[in-house]
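Okay, structure first, notes after.
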2 protein chains.
Amino acid sequence: MNTSDAIEILKNKGYKTTGKRKDILSFFEKADGYRTAKDLIQFLEETYEGISFDTIYRNLHLYNEVGILEATELNGEKHFRMNCTSHHHHHFICKDCGKTKEIEVCPMDEVQKSLVNYEIEDHKFEIYGLCPACQSI
Amino acid sequence: MNTSDAIEILKNKGYKTTGKRKDILSFFEKADGYRTAKDLIQFLEETYEGISFDTIYRNLHLYNEVGILEATELNGEKHFRMNCTSHHHHHFICKDCGKTKEIEVCPMDEVQKSLVNYEIEDHKFEIYGLCPACQSI
DNA sequence: TTACAAATCGTAATGATTACGATAATATAA
DNA sequence: TTATATTATCGTAATCATTACGATTTGTAA
């Protein structure tokens, strides 16, 4: 997903296009990994001094709801990244820089066999560590 | 892991045994699934009216550190359960009652092949949904 | 260009968790 | 068993991320 895809989604759902919304999208497009609300605030402060928390969190929440962003929880903070809609997969997440690498393995087919009578709603499979670039630092 | 195993661990590490510590352990032993700090406070208030947050969170943190409890994050709150030390496995977690079912499948061996040069520190594989008992309610 | 719904602002409130100085309780050694 | 050192707990305030809200501004469609 990129910024213009995302704007298209918002328009189709009747949400308005604003400068802040576009900048939030390009921030995540450029980020290519997980970022926190704080990271986003810091970025937007450069352009929009004194931007409201309301704007930050409302839009993060909205983007997550319409599938533009996906979220995960790391050290007590929510982290967000551009959603990869292409196909189902999981991520290696670098604890240092937040960048991700796609993992194609998903064990859910096999797991379901051992969960008859259980109603599966969701699953999470994430690998944490240091990416090659962050190991040398 | 049960309460007496856990007390043994604490003793061996030089931590003192108190009534509250024992009660916290038996709470989690009885629970057989994930519980929040709030759940624990509610339980302990019955016996120890006005128990301090400090006691709750300090002990949860300690038990997690020494491997008595394991933790996960669900809807913005930390959830804790007795650690199953026997062997490596993952969990189905019921969103309603917090009870868990062990999943023996772990795809990490296979995943590692696609992560050469990545330093893997940790991984999480959890399945969420409703257990048979909670579906009928 | 107008009008109205939606977005943002500025700031206060919330909720989970952490922190801390004072006090109490436990374990150990005499 | 008693003294003593160390650890645990208390009571409460502080912190941190996130949510909420009335007032104001802005985008969009007619």
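Each chain in the structure tokens gets a letter, A, B, ..., in the order shown, and its residues are numbered from 1; ligands are numbered from 1 in order too.
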Fill in: chain D residues near chain B (12 Å cut-off, only C-alpha atoms (C1' of nucleotides)) as a list in words
DT6, DT7, DA8, DT9, DC10, DG11, DT12, DA17 and DT18 of chain D
Only N, CA and C atoms (P, O5', C5', C4', C3', O3' and C1' of nucleotides), please: the residues just picked out, written as a CSV table (one decimal), in the first residue's frame.
chain,number,residue,atom,x,y,z
D,6,DT,P,22.2,-5.7,55.4
D,6,DT,O5',21.1,-6.3,54.5
D,6,DT,C5',20.7,-7.7,54.7
D,6,DT,C4',19.3,-7.9,54.3
D,6,DT,C3',18.9,-7.1,53.0
D,6,DT,O3',18.4,-8.0,52.1
D,6,DT,C1',17.2,-6.9,54.7
D,7,DT,P,18.1,-7.7,50.6
D,7,DT,O5',16.5,-7.9,50.5
D,7,DT,C5',16.0,-9.1,51.2
D,7,DT,C4',14.5,-8.9,51.4
D,7,DT,C3',13.7,-8.3,50.2
D,7,DT,O3',12.7,-9.3,50.0
D,7,DT,C1',13.2,-7.1,52.1
D,8,DA,P,11.6,-9.0,48.9
D,8,DA,O5',10.4,-8.4,49.8
D,8,DA,C5',9.9,-9.2,50.9
D,8,DA,C4',8.6,-8.5,51.3
D,8,DA,C3',7.6,-8.1,50.2
D,8,DA,O3',6.3,-8.5,50.6
D,8,DA,C1',8.2,-6.2,51.6
D,9,DT,P,5.1,-8.2,49.8
D,9,DT,O5',4.5,-6.9,50.5
D,9,DT,C5',4.2,-6.9,51.9
D,9,DT,C4',3.7,-5.6,52.3
D,9,DT,C3',2.7,-4.9,51.4
D,9,DT,O3',1.5,-4.7,52.2
D,9,DT,C1',4.4,-3.4,52.0
D,10,DC,P,0.2,-4.0,51.6
D,10,DC,O5',0.4,-2.5,52.1
D,10,DC,C5',0.7,-2.3,53.5
D,10,DC,C4',0.8,-0.8,53.8
D,10,DC,C3',-0.3,0.0,53.1
D,10,DC,O3',-0.9,0.9,54.1
D,10,DC,C1',1.8,0.9,52.6
D,11,DG,P,-2.4,1.4,54.0
D,11,DG,O5',-2.1,2.9,53.5
D,11,DG,C5',-1.2,3.7,54.2
D,11,DG,C4',-0.9,5.0,53.4
D,11,DG,C3',-2.2,5.5,52.5
D,11,DG,O3',-2.3,6.9,52.7
D,11,DG,C1',-0.3,5.2,51.1
D,12,DT,P,-3.4,7.7,52.0
D,12,DT,O5',-2.6,8.5,50.9
D,12,DT,C5',-1.2,8.9,51.2
D,12,DT,C4',-0.6,9.2,49.9
D,12,DT,C3',-1.4,9.8,48.8
D,12,DT,O3',-0.8,11.0,48.4
D,12,DT,C1',-0.1,8.2,47.9
D,17,DA,P,5.0,7.9,26.7
D,17,DA,O5',3.7,7.3,26.1
D,17,DA,C5',3.5,5.9,26.2
D,17,DA,C4',2.1,5.5,26.1
D,17,DA,C3',1.4,6.0,24.8
D,17,DA,O3',0.8,4.8,24.2
D,17,DA,C1',0.2,6.8,26.6
D,18,DT,P,0.0,5.0,22.8
D,18,DT,O5',-1.4,5.4,23.2
D,18,DT,C5',-2.2,4.6,24.2
D,18,DT,C4',-3.4,5.4,24.6
D,18,DT,C3',-4.3,5.8,23.4
D,18,DT,O3',-5.5,5.1,23.5
D,18,DT,C1',-4.1,7.5,25.1
Worksheet item: Residues of chain A within 7 Å of chain B, using only C-alpha atoms, as a list in words?
Response: Val105, Pro107, Val111, Asn117, Tyr118, Glu119, Ile120, Glu121, Asp122, His123, Lys124, Phe125, Glu126, Ile127, Tyr128, Gly129, Leu130, Cys131 and Pro132 of chain A
Worksheet item: Which is closer to chain C than all the others in B:Tyr63, B:Tyr57, B:Tyr34, B:Phe80, using only C-alpha atoms (C1' of nucleotides)?
Response: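 Under the stated criterion, the closest residue is B:Tyr57.
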Worksheet item: Just how far from atom C1' of DA23 of chain D is atom C1' of DC4 of chain C, in Å to one decimal?
Response: 16.4 Å
Item to complete: With a distance threshold of 12 Å and counting only C-alpha atoms (C1' of nucleotides), extract the residues of chain C near chain A and express them as an MDAnalysis selection string.
Response: chainID C and resid 5:11 16:17
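Atom CA of His79 of chain B is found 21.0 Å from atom CA of Leu10 of chain B.
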